[in-house]
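Undergrad: This is the structure I want to talk about, given as structure tokens.
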Amino acid sequence: MRTRGGLLVANIIAGLALGYTVANIGFGDYAELNRMFTFQELRMLLAFAGAVAIIVVVFAVLRVRRTPGRIHAGVIPGAVLFGTGWAISGGCPAIPIVQVASGYLPALVTMAGIVVGVRLCRWANTRYFHLDSGSCER
Amino acid sequence: MTEYWPWWAGAVGLALTTINYAVTTDRSFGVSGAWDRVLHWRAERRVERVNAQFADERVLAEALAAAAADQFGAGSAAPAARPAPHDDARASEPDVRPPAAASPALASLLPAPLISQVALLLSVFVGGWVAAVTTGRFQLRLDMGAAFAQIVTDKPIAMIGALFVGGLLVGFGTRLAGGCSSGHGLNGCGRLQPVSIVATAVFFGTGVLVSFLLWKVI
């Protein structure tokens, strides 16, 4: 699936699976998310950590190659902003999409915020930061 | 309405999604990266057109050599552009290589096609909708639930403000950090990449701190 058509199919499968899975875990539910972040309920935390553990083992066995990425000056400030926004709005970039799909119409406002934030970051980086922030997605 | 999945089912679901993508494409996926590329589609299409012109590694090497020759003189042309000694016998032969097509090594370094990023975002919507409908959780509503009203705000205008500011921080922060919970959290941590481990620890730690503040203090 490394051709243009193959990548399209792979992304459709990944998107469907991701949307279906995170909705069924409960990441779109603000109550569940707050309970995860405040350790009142470990179910979602264990789901995420368990997934990472499985992926680490399988990637090591299959010798999946690493992707480019280095710790640049934007990583920690960016992660702090992201964590703050996630705790307030209940949405990491995929979750507002799932929330709208589940009927939470105000999540459209979260998506509007993401649109502005993403565009603002590229503009600010080009104009002021000049960070080779790149992306971990390759 | 059915219960949410137990932790182990969620872990297997997220892991299978990530592993399947990595094994079949030799790449990572990330939702914040997809947002970024889709929202800058004009610039991304220009990049795709340029990449298409250099789809063949040999063409790219020759173009780089030609550019170097233009800049510094013919003697500086990269060795890759000149036929190697053992290639002399074939120098006069017509080029019988297949037409330009990215080699697997080069193709995996190029960004995924823009259309595939659009598809990723739309598919997340469809997957979430199927889950909501099949479990009986789908319900059109103008609030974010009782917990949001209790922990963040129950005033509609303040809710819109909080969601917008939260979304803005998510959008800006994920792009500044170079990834989100899928790109850094699943794909990057799964590869034990230091940058992803640091980013995930920091955004999760901040999420914990802010959630406790919202829950206990504010």
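In the structure tokens, each chain is lettered A, B, ... as it comes, each chain's residues begin at 1, and ligands are numbered from 1 in order of appearance.
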Wanna dump the segment 102-217 of chain B-segment 8-22 of chain A contacts at 6 Å for me, each residue with its shortest atom pair and the distance in Å to one decimal, counting only C-alpha atoms, ordered by chain and number, as a tab-separated table?

TA:
residue	atom	partner	partner_atom	distance
B:Ser116	CA	A:Leu8	CA	4.5
B:Ala119	CA	A:Ile12	CA	5.7
B:Leu120	CA	A:Gly15	CA	4.7
B:Ser123	CA	A:Gly15	CA	4.5
B:Val124	CA	A:Gly19	CA	4.2
B:Gly127	CA	A:Leu16	CA	4.2
B:Gly128	CA	A:Gly19	CA	4.4
B:Ala131	CA	A:Tyr20	CA	5.2

Undergrad: Which residues of segment 39-108 of chain A come within 12 Å of segment 1-13 of chain B, and for each one, what is the closest pair of atoms and their distance in Å to one decimal, counting only C-alpha atoms, sorted by chain and residue number, as a Markdown table?

TA:
| residue | atom | partner | partner_atom | distance |
| --- | --- | --- | --- | --- |
| A:Glu41 | CA | B:Trp7 | CA | 10.7 |
| A:Leu42 | CA | B:Trp7 | CA | 8.4 |
| A:Arg43 | CA | B:Trp7 | CA | 5.0 |
| A:Met44 | CA | B:Trp7 | CA | 6.1 |
| A:Leu45 | CA | B:Trp7 | CA | 8.0 |
| A:Leu46 | CA | B:Trp7 | CA | 5.7 |
| A:Ala47 | CA | B:Ala11 | CA | 4.2 |
| A:Phe48 | CA | B:Ala11 | CA | 5.9 |
| A:Ala49 | CA | B:Ala11 | CA | 7.4 |
| A:Gly50 | CA | B:Ala11 | CA | 5.0 |
| A:Ala51 | CA | B:Ala11 | CA | 4.1 |
| A:Val52 | CA | B:Ala11 | CA | 7.8 |
| A:Ala53 | CA | B:Ala11 | CA | 8.8 |
| A:Ile54 | CA | B:Val12 | CA | 7.7 |
| A:Ile55 | CA | B:Val12 | CA | 9.4 |
| A:Val58 | CA | B:Val12 | CA | 11.9 |

Undergrad: Go ahead and save the residues from that selection, with N, CA and C atoms, as an mmCIF file, in the first residue's frame.

TA:
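What ended up in again.cif:
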data_model
loop_
_atom_site.group_PDB
_atom_site.id
_atom_site.type_symbol
_atom_site.label_atom_id
_atom_site.label_comp_id
_atom_site.auth_asym_id
_atom_site.auth_seq_id
_atom_site.Cartn_x
_atom_site.Cartn_y
_atom_site.Cartn_z
ATOM 1 N N GLU A 41 -10.559 7.284 37.099
ATOM 2 C CA GLU A 41 -10.923 6.090 36.328
ATOM 3 C C GLU A 41 -9.742 5.786 35.410
ATOM 4 N N LEU A 42 -9.170 4.600 35.538
ATOM 5 C CA LEU A 42 -7.938 4.284 34.809
ATOM 6 C C LEU A 42 -8.195 3.572 33.477
ATOM 7 N N ARG A 43 -9.456 3.313 33.160
ATOM 8 C CA ARG A 43 -9.770 2.510 31.966
ATOM 9 C C ARG A 43 -9.181 3.103 30.688
ATOM 10 N N MET A 44 -9.417 4.408 30.438
ATOM 11 C CA MET A 44 -8.939 5.009 29.187
ATOM 12 C C MET A 44 -7.419 5.156 29.204
ATOM 13 N N LEU A 45 -6.879 5.461 30.367
ATOM 14 C CA LEU A 45 -5.421 5.577 30.490
ATOM 15 C C LEU A 45 -4.755 4.242 30.166
ATOM 16 N N LEU A 46 -5.335 3.156 30.712
ATOM 17 C CA LEU A 46 -4.779 1.829 30.442
ATOM 18 C C LEU A 46 -4.947 1.446 28.964
ATOM 19 N N ALA A 47 -6.059 1.886 28.360
ATOM 20 C CA ALA A 47 -6.264 1.602 26.932
ATOM 21 C C ALA A 47 -5.152 2.243 26.112
ATOM 22 N N PHE A 48 -4.843 3.502 26.423
ATOM 23 C CA PHE A 48 -3.810 4.215 25.665
ATOM 24 C C PHE A 48 -2.429 3.618 25.951
ATOM 25 N N ALA A 49 -2.118 3.445 27.244
ATOM 26 C CA ALA A 49 -0.809 2.910 27.616
ATOM 27 C C ALA A 49 -0.656 1.475 27.114
ATOM 28 N N GLY A 50 -1.722 0.703 27.197
ATOM 29 C CA GLY A 50 -1.677 -0.675 26.707
ATOM 30 C C GLY A 50 -1.426 -0.717 25.210
ATOM 31 N N ALA A 51 -2.063 0.213 24.474
ATOM 32 C CA ALA A 51 -1.846 0.280 23.028
ATOM 33 C C ALA A 51 -0.383 0.588 22.729
ATOM 34 N N VAL A 52 0.182 1.558 23.448
ATOM 35 C CA VAL A 52 1.590 1.914 23.221
ATOM 36 C C VAL A 52 2.483 0.708 23.518
ATOM 37 N N ALA A 53 2.188 -0.002 24.599
ATOM 38 C CA ALA A 53 3.008 -1.174 24.954
ATOM 39 C C ALA A 53 2.955 -2.236 23.854
ATOM 40 N N ILE A 54 1.754 -2.499 23.350
ATOM 41 C CA ILE A 54 1.621 -3.503 22.274
ATOM 42 C C ILE A 54 2.400 -3.039 21.033
ATOM 43 N N ILE A 55 2.250 -1.752 20.701
ATOM 44 C CA ILE A 55 2.906 -1.225 19.496
ATOM 45 C C ILE A 55 4.428 -1.310 19.642
ATOM 46 N N VAL A 58 5.454 -4.979 19.088
ATOM 47 C CA VAL A 58 5.276 -5.427 17.695
ATOM 48 C C VAL A 58 6.252 -4.709 16.765
#

Undergrad: Give me the residues near segment 5-7 of chain A as a list in words, where near means some atom within 12 Å (using only C-alpha atoms) and where sequence neighbours in that chain fewer than 6 positions away do not count.

TA: Ile13, Ala14, Gly15 and Arg138 of chain A; Tyr21, Ala22, Val23, Thr24, Thr25, Asp26, Arg27, Ser28, Phe29, Ala107, Ser108, Leu110, Pro111, Ala112, Pro113, Leu114, Ile115, Ser116, Gln117, Val118, Ala119 and Leu120 of chain B

Undergrad: Can I get the selected residues back with N, CA and C atoms, as an mmCIF file, in the first residue's frame?

TA:
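Once written, result03.cif looks like this:
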data_model
loop_
_atom_site.group_PDB
_atom_site.id
_atom_site.type_symbol
_atom_site.label_atom_id
_atom_site.label_comp_id
_atom_site.auth_asym_id
_atom_site.auth_seq_id
_atom_site.Cartn_x
_atom_site.Cartn_y
_atom_site.Cartn_z
ATOM 1 N N ILE A 13 -8.854 3.295 5.859
ATOM 2 C CA ILE A 13 -8.966 2.222 6.866
ATOM 3 C C ILE A 13 -8.544 2.744 8.239
ATOM 4 N N ALA A 14 -7.414 3.484 8.275
ATOM 5 C CA ALA A 14 -6.919 4.007 9.562
ATOM 6 C C ALA A 14 -7.920 4.991 10.165
ATOM 7 N N GLY A 15 -8.495 5.861 9.342
ATOM 8 C CA GLY A 15 -9.453 6.844 9.840
ATOM 9 C C GLY A 15 -10.710 6.188 10.386
ATOM 10 N N ARG A 138 5.255 10.683 9.084
ATOM 11 C CA ARG A 138 5.816 10.453 7.750
ATOM 12 C C ARG A 138 5.752 8.973 7.417
ATOM 13 N N TYR B 21 -1.340 0.317 9.825
ATOM 14 C CA TYR B 21 -0.935 1.429 8.963
ATOM 15 C C TYR B 21 0.582 1.392 8.734
ATOM 16 N N ALA B 22 1.338 1.161 9.811
ATOM 17 C CA ALA B 22 2.798 1.172 9.693
ATOM 18 C C ALA B 22 3.289 0.028 8.811
ATOM 19 N N VAL B 23 2.697 -1.152 8.985
ATOM 20 C CA VAL B 23 3.166 -2.319 8.238
ATOM 21 C C VAL B 23 2.802 -2.205 6.760
ATOM 22 N N THR B 24 1.606 -1.706 6.470
ATOM 23 C CA THR B 24 1.182 -1.670 5.075
ATOM 24 C C THR B 24 1.750 -0.477 4.310
ATOM 25 N N THR B 25 2.112 0.593 5.015
ATOM 26 C CA THR B 25 2.572 1.791 4.294
ATOM 27 C C THR B 25 4.017 2.180 4.599
ATOM 28 N N ASP B 26 4.628 1.600 5.635
ATOM 29 C CA ASP B 26 5.971 1.997 6.080
ATOM 30 C C ASP B 26 5.992 3.476 6.484
ATOM 31 N N ARG B 27 4.880 3.935 7.056
ATOM 32 C CA ARG B 27 4.765 5.330 7.475
ATOM 33 C C ARG B 27 4.078 5.408 8.833
ATOM 34 N N SER B 28 4.028 6.656 9.368
ATOM 35 C CA SER B 28 3.213 6.950 10.539
ATOM 36 C C SER B 28 2.035 7.808 10.097
ATOM 37 N N PHE B 29 0.942 7.735 10.832
ATOM 38 C CA PHE B 29 -0.152 8.666 10.546
ATOM 39 C C PHE B 29 -0.329 9.584 11.743
ATOM 40 N N ALA B 107 9.939 7.235 -2.177
ATOM 41 C CA ALA B 107 8.491 7.413 -1.991
ATOM 42 C C ALA B 107 8.129 7.489 -0.516
ATOM 43 N N SER B 108 8.818 6.706 0.327
ATOM 44 C CA SER B 108 8.458 6.702 1.748
ATOM 45 C C SER B 108 8.900 7.977 2.445
ATOM 46 N N LEU B 110 8.557 10.992 0.900
ATOM 47 C CA LEU B 110 7.659 12.052 0.460
ATOM 48 C C LEU B 110 6.413 12.068 1.335
ATOM 49 N N PRO B 111 5.792 13.258 1.524
ATOM 50 C CA PRO B 111 4.553 13.295 2.299
ATOM 51 C C PRO B 111 3.469 12.456 1.631
ATOM 52 N N ALA B 112 2.567 11.919 2.444
ATOM 53 C CA ALA B 112 1.434 11.173 1.874
ATOM 54 C C ALA B 112 0.621 12.136 1.005
ATOM 55 N N PRO B 113 -0.017 11.634 -0.066
ATOM 56 C CA PRO B 113 -0.807 12.528 -0.931
ATOM 57 C C PRO B 113 -1.848 13.308 -0.125
ATOM 58 N N LEU B 114 -2.072 14.535 -0.546
ATOM 59 C CA LEU B 114 -3.005 15.404 0.168
ATOM 60 C C LEU B 114 -4.397 14.780 0.265
ATOM 61 N N ILE B 115 -4.823 14.125 -0.819
ATOM 62 C CA ILE B 115 -6.165 13.534 -0.845
ATOM 63 C C ILE B 115 -6.294 12.463 0.239
ATOM 64 N N SER B 116 -5.193 11.786 0.538
ATOM 65 C CA SER B 116 -5.246 10.742 1.576
ATOM 66 C C SER B 116 -5.425 11.373 2.970
ATOM 67 N N GLN B 117 -4.951 12.610 3.135
ATOM 68 C CA GLN B 117 -5.124 13.292 4.419
ATOM 69 C C GLN B 117 -6.569 13.764 4.597
ATOM 70 N N VAL B 118 -7.167 14.207 3.487
ATOM 71 C CA VAL B 118 -8.596 14.553 3.516
ATOM 72 C C VAL B 118 -9.397 13.307 3.874
ATOM 73 N N ALA B 119 -9.031 12.202 3.232
ATOM 74 C CA ALA B 119 -9.738 10.937 3.471
ATOM 75 C C ALA B 119 -9.614 10.500 4.921
ATOM 76 N N LEU B 120 -8.428 10.719 5.509
ATOM 77 C CA LEU B 120 -8.219 10.324 6.913
ATOM 78 C C LEU B 120 -9.204 11.069 7.824
#
